[in-house]
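First up is the structure itself, then whatever we jot down about it.
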Amino acid sequence: MSTASTTHDGDFANRATFAGADRAKLDDLDGVDVAIVGAPFDWGTTNRPGARYGPAAIRRGDSFGAHASRPHLPTAIDPFEQLRIVDVGDFQLPLGYIEESVAQIRDGITRIASQGAAPLVLGGDHTITFPNAGGVADVHGHGEFALIHFDAHADTGETQHGRLLGHATPMRRLIESGAVPGRRFVQIGLRGYWPPPEVVAWMREQEMRTYLMTEILDRGLATVVDEALEYALSGVSKAFISVDIDVVDPGMAPGTGTPEPGGLTSRELLHTLRRIARELNVVGADVVEVSPPYDGPGEITSILANRVVLEILNGMAERKVADTPA
């Protein structure tokens, strides 16, 4: 068994913490609501690498400065006042070794979740959702939460170049392992030219619920999300959110390895994520596929990914405030 360790000063790490959150050790999370951790991993990519630099870039995408007060304008809620949020740094992963890295990530996520904290993982390519959601399932129970997946791609390939692990396969591995059954999956924003018909047929057999961008355009995003949540949460009360930044149109998020035109707007994604985190009991989340080398001088993808994390945290804080007796 590979054992995870973290650092705030690794090969691809950034010394700053997310939004100035307190630093913490992986095994010292008593009383913590959310533990932010980076997974600087991109050896599962099939196109453009660079997502190993994502965690540092997402942390840098903060225009407020460390320890700044940041009440959310629509709600006046500061998630860092309502939730105990810490940053445990980045996993120290063996460069190029997929199986060993996946095992270490899963060990670390399991250790975070077993202490009662929700892991919020900064990726990294989408391979990491297999150990992220798998580690949460090891603690909260296999089949005991829904997975809400935002992406341009289904990530349900049987293999990737003959290998079981890669960013084209994590959702299939989660289903096959029993960690997240197909009926607990909803996927929002899919489009483009993959996967092939035989994989789509397998997805239907697993009872996955998939919402293509064409359906979102025809029916409206809010209606689709209503239906998606009702389906995925039938019989469970918890959720894991996985956000591949390429769900957003590359005109608004160019810094990613597999851009696909015609996606959601950044506003649509942020609004929807806050809504989901407010309405559901989020036990884990990840934000993946941010590749800073392709982001351009404006770093707009890194900034967007930073706000994705903040909106999830704001939704979780709203939920806590609503549940707190006056």
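By convention here, the chains of the structure tokens are called A, B, ... in the order presented, each chain's residues are numbered starting at 1, and ligands are numbered starting at 1 in the order presented.
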Skipping near chain neighbours, those fewer than 3 positions away, what residues fall within 10 Å of A:Gly192 using only C-alpha atoms, listed as a PyMOL selection string? chain A and resi 152-153+195+212-213+259-263
If we count only C-alpha atoms and set the cut-off at 7 Å, which residues sit around stretch 79-96 of chain A, ignoring sequence neighbours fewer than 5 positions away in its own chain? Please answer as a VMD selection string. chain A and resid 4 to 8 10 13 17 to 18 21 to 26 32 to 40 43 101 313 to 314 317
Those same residues, written as a short mmCIF file (atom, residue, chain, number, x, y, z; two decimals), in the first residue's frame with C-alpha atoms?
```cif
data_model
loop_
_atom_site.label_atom_id
_atom_site.label_comp_id
_atom_site.auth_asym_id
_atom_site.auth_seq_id
_atom_site.Cartn_x
_atom_site.Cartn_y
_atom_site.Cartn_z
CA ALA A 4 0.29 9.59 0.91
CA SER A 5 2.24 12.58 2.13
CA THR A 6 1.78 16.25 1.35
CA THR A 7 3.94 19.32 1.08
CA HIS A 8 3.48 23.05 0.57
CA GLY A 10 7.00 20.36 -3.77
CA ALA A 13 3.69 23.23 -5.59
CA THR A 17 -2.41 28.32 0.58
CA PHE A 18 -5.79 28.61 -1.10
CA ALA A 21 -6.50 29.34 4.48
CA ASP A 22 -4.64 27.98 7.48
CA ARG A 23 -2.10 25.29 6.75
CA ALA A 24 -2.72 21.90 8.27
CA LYS A 25 -1.21 18.43 8.30
CA LEU A 26 -2.89 15.52 6.58
CA VAL A 32 -12.15 20.76 9.98
CA ASP A 33 -15.09 21.07 7.57
CA VAL A 34 -13.14 21.24 4.29
CA ALA A 35 -9.55 20.21 3.56
CA ILE A 36 -8.13 21.59 0.32
CA VAL A 37 -5.40 19.44 -1.21
CA GLY A 38 -3.54 19.57 -4.51
CA ALA A 39 -2.91 16.60 -6.80
CA PRO A 40 -0.19 17.76 -9.24
CA TRP A 43 0.53 11.49 -16.50
CA SER A 101 0.17 7.95 -7.70
CA LEU A 313 -17.39 26.68 -0.58
CA ASN A 314 -20.00 29.44 -0.61
CA ALA A 317 -21.47 27.76 3.83
#
```
Please identify every residue of stretch 152-225 of chain A that has at least one atom no farther than 6 Å from an atom of stretch 136-146 of chain A, counting only C-alpha atoms, and for each give the shortest atom pair and the distance in Å to one decimal, arranged by chain then increasing number, as CSV.
```
residue,atom,partner,partner_atom,distance
A:Ala179,CA,A:His142,CA,4.3
A:Val180,CA,A:Gly143,CA,5.0
A:Pro181,CA,A:Gly143,CA,5.8
A:Arg184,CA,A:Ala146,CA,4.6
```
Keeping N, CA, C and O atoms, export the residues of the selection given above as an mmCIF file, in the first residue's frame.
```cif
data_model
loop_
_atom_site.group_PDB
_atom_site.id
_atom_site.type_symbol
_atom_site.label_atom_id
_atom_site.label_comp_id
_atom_site.auth_asym_id
_atom_site.auth_seq_id
_atom_site.Cartn_x
_atom_site.Cartn_y
_atom_site.Cartn_z
ATOM 1 N N ALA A 179 -17.732 1.705 -6.259
ATOM 2 C CA ALA A 179 -17.668 2.914 -5.425
ATOM 3 C C ALA A 179 -18.825 3.848 -5.720
ATOM 4 O O ALA A 179 -19.448 4.401 -4.797
ATOM 5 N N VAL A 180 -19.130 4.039 -7.008
ATOM 6 C CA VAL A 180 -20.253 4.888 -7.420
ATOM 7 C C VAL A 180 -21.004 4.144 -8.527
ATOM 8 O O VAL A 180 -20.569 4.149 -9.680
ATOM 9 N N PRO A 181 -22.117 3.505 -8.224
ATOM 10 C CA PRO A 181 -22.878 2.790 -9.261
ATOM 11 C C PRO A 181 -23.368 3.753 -10.350
ATOM 12 O O PRO A 181 -23.546 4.953 -10.106
ATOM 13 N N ARG A 184 -26.053 6.321 -9.818
ATOM 14 C CA ARG A 184 -25.725 7.469 -8.972
ATOM 15 C C ARG A 184 -24.975 8.555 -9.739
ATOM 16 O O ARG A 184 -24.589 9.559 -9.159
#
```
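A straight line drawn from atom CA of A:Ser266 to atom CA of A:Leu120 is 19.6 Å long.
For the residues A:Leu264, A:Val121, A:Met171, A:Leu147, ranking by smallest atom-to-atom distance to A:Gly251 using only C-alpha atoms places A:Leu264 first.
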Helix (DSSP H, G or I) positions in stretch 26-178 of chain A, given as number ranges by chain: A: 51-60, 79-82, 98-114, 126-140, 170-177
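Backbone DSSP assigns strand (DSSP E) in stretch 88-141 of chain A to Val88, Gly89, Asp90, Phe91, Ala118, Pro119, Leu120, Val121, Leu122 and Gly123 of chain A.
Compared by their closest atoms to A:Arg70, and using only C-alpha atoms, the residues A:Gly50, A:Gly220, A:Gly31, A:Gly20 rank with A:Gly20 nearest.
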Taking only C-alpha atoms into account, which of A:Pro250, A:Leu310, A:Thr324, A:Arg219 comes nearest A:Gly296? A:Pro250
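Counting only C-alpha atoms and comparing A:Ser234, A:Asn281, A:Ser177, A:Ser63, the residue that lies closest to A:Ile300 is A:Ser63.
Atom CA of A:Tyr211 is positioned 29.5 Å from atom CA of A:Gly61.
Residue nearest A:Asp226, chosen from A:Arg111, A:Arg163, A:Arg48, A:Arg275 and counting only C-alpha atoms: A:Arg275.
Candidate residues A:Met208, A:Ala103, A:Ile303, A:Leu122 were compared for distance to A:Val287, and the nearest is A:Leu122, using only C-alpha atoms.
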Non-local contacts of A:Gln115 (7 Å; only C-alpha atoms; under 2 positions in same chain excluded) as a JSON list (two decimals) with N, CA and C atoms, in the first residue's frame:
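Below is the file result_29.json, written as the result:
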```json
[["chain", "number", "residue", "atom", "x", "y", "z"],
["A", 29, "LEU", "N", -6.76, 16.99, 11.37],
["A", 29, "LEU", "CA", -7.91, 17.71, 10.82],
["A", 29, "LEU", "C", -9.11, 17.69, 11.75],
["A", 30, "ASP", "N", -8.87, 17.59, 13.03],
["A", 30, "ASP", "CA", -9.98, 17.58, 13.99],
["A", 30, "ASP", "C", -10.75, 18.89, 13.91],
["A", 111, "ARG", "N", -7.81, 9.27, 4.32],
["A", 111, "ARG", "CA", -7.38, 9.81, 5.62],
["A", 111, "ARG", "C", -8.08, 11.14, 5.92],
["A", 112, "ILE", "N", -8.27, 11.97, 4.91],
["A", 112, "ILE", "CA", -8.98, 13.24, 5.11],
["A", 112, "ILE", "C", -10.44, 12.97, 5.48],
["A", 113, "ALA", "N", -11.11, 12.16, 4.68],
["A", 113, "ALA", "CA", -12.55, 11.91, 4.89],
["A", 113, "ALA", "C", -12.81, 11.19, 6.21],
["A", 117, "ALA", "N", -13.66, 15.56, 7.51],
["A", 117, "ALA", "CA", -13.52, 16.70, 6.60],
["A", 117, "ALA", "C", -13.91, 16.29, 5.18]]
```
Env of A:Glu311: 8 Å cut, atoms = only C-alpha atoms, seq-sep filter 3 positions within chain, self excluded. Answer as a short mmCIF file (atom, residue, chain, number, x, y, z; two decimals) with N, CA and C atoms, in the first residue's frame.
```cif
data_model
loop_
_atom_site.label_atom_id
_atom_site.label_comp_id
_atom_site.auth_asym_id
_atom_site.auth_seq_id
_atom_site.Cartn_x
_atom_site.Cartn_y
_atom_site.Cartn_z
N LEU A 270 -20.62 28.63 -12.50
CA LEU A 270 -20.47 29.11 -11.13
C LEU A 270 -21.81 29.13 -10.40
N HIS A 271 -22.83 29.63 -11.07
CA HIS A 271 -24.16 29.70 -10.45
C HIS A 271 -24.66 28.31 -10.10
N LEU A 273 -22.93 25.51 -9.60
CA LEU A 273 -22.15 24.85 -8.55
C LEU A 273 -22.54 25.36 -7.17
N ARG A 274 -22.74 26.66 -7.05
CA ARG A 274 -23.15 27.18 -5.74
C ARG A 274 -24.51 26.62 -5.35
N ARG A 307 -12.45 30.47 -8.71
CA ARG A 307 -13.82 30.85 -8.36
C ARG A 307 -14.75 29.64 -8.29
N VAL A 308 -14.45 28.60 -9.06
CA VAL A 308 -15.21 27.35 -8.94
C VAL A 308 -15.11 26.83 -7.51
N ASN A 314 -18.90 28.55 -0.97
CA ASN A 314 -20.00 29.44 -0.61
C ASN A 314 -21.31 28.68 -0.49
N GLY A 315 -21.56 27.77 -1.41
CA GLY A 315 -22.77 26.97 -1.32
C GLY A 315 -22.79 26.12 -0.06
#
```
Within 10 Å of A:Thr127, counting only C-alpha atoms, which residues qualify if same-chain residues fewer than 5 places away don't, as a count of residues only? 19
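Between atom CA of A:Val225 and atom CA of A:Val283 lies a distance of 18.9 Å.
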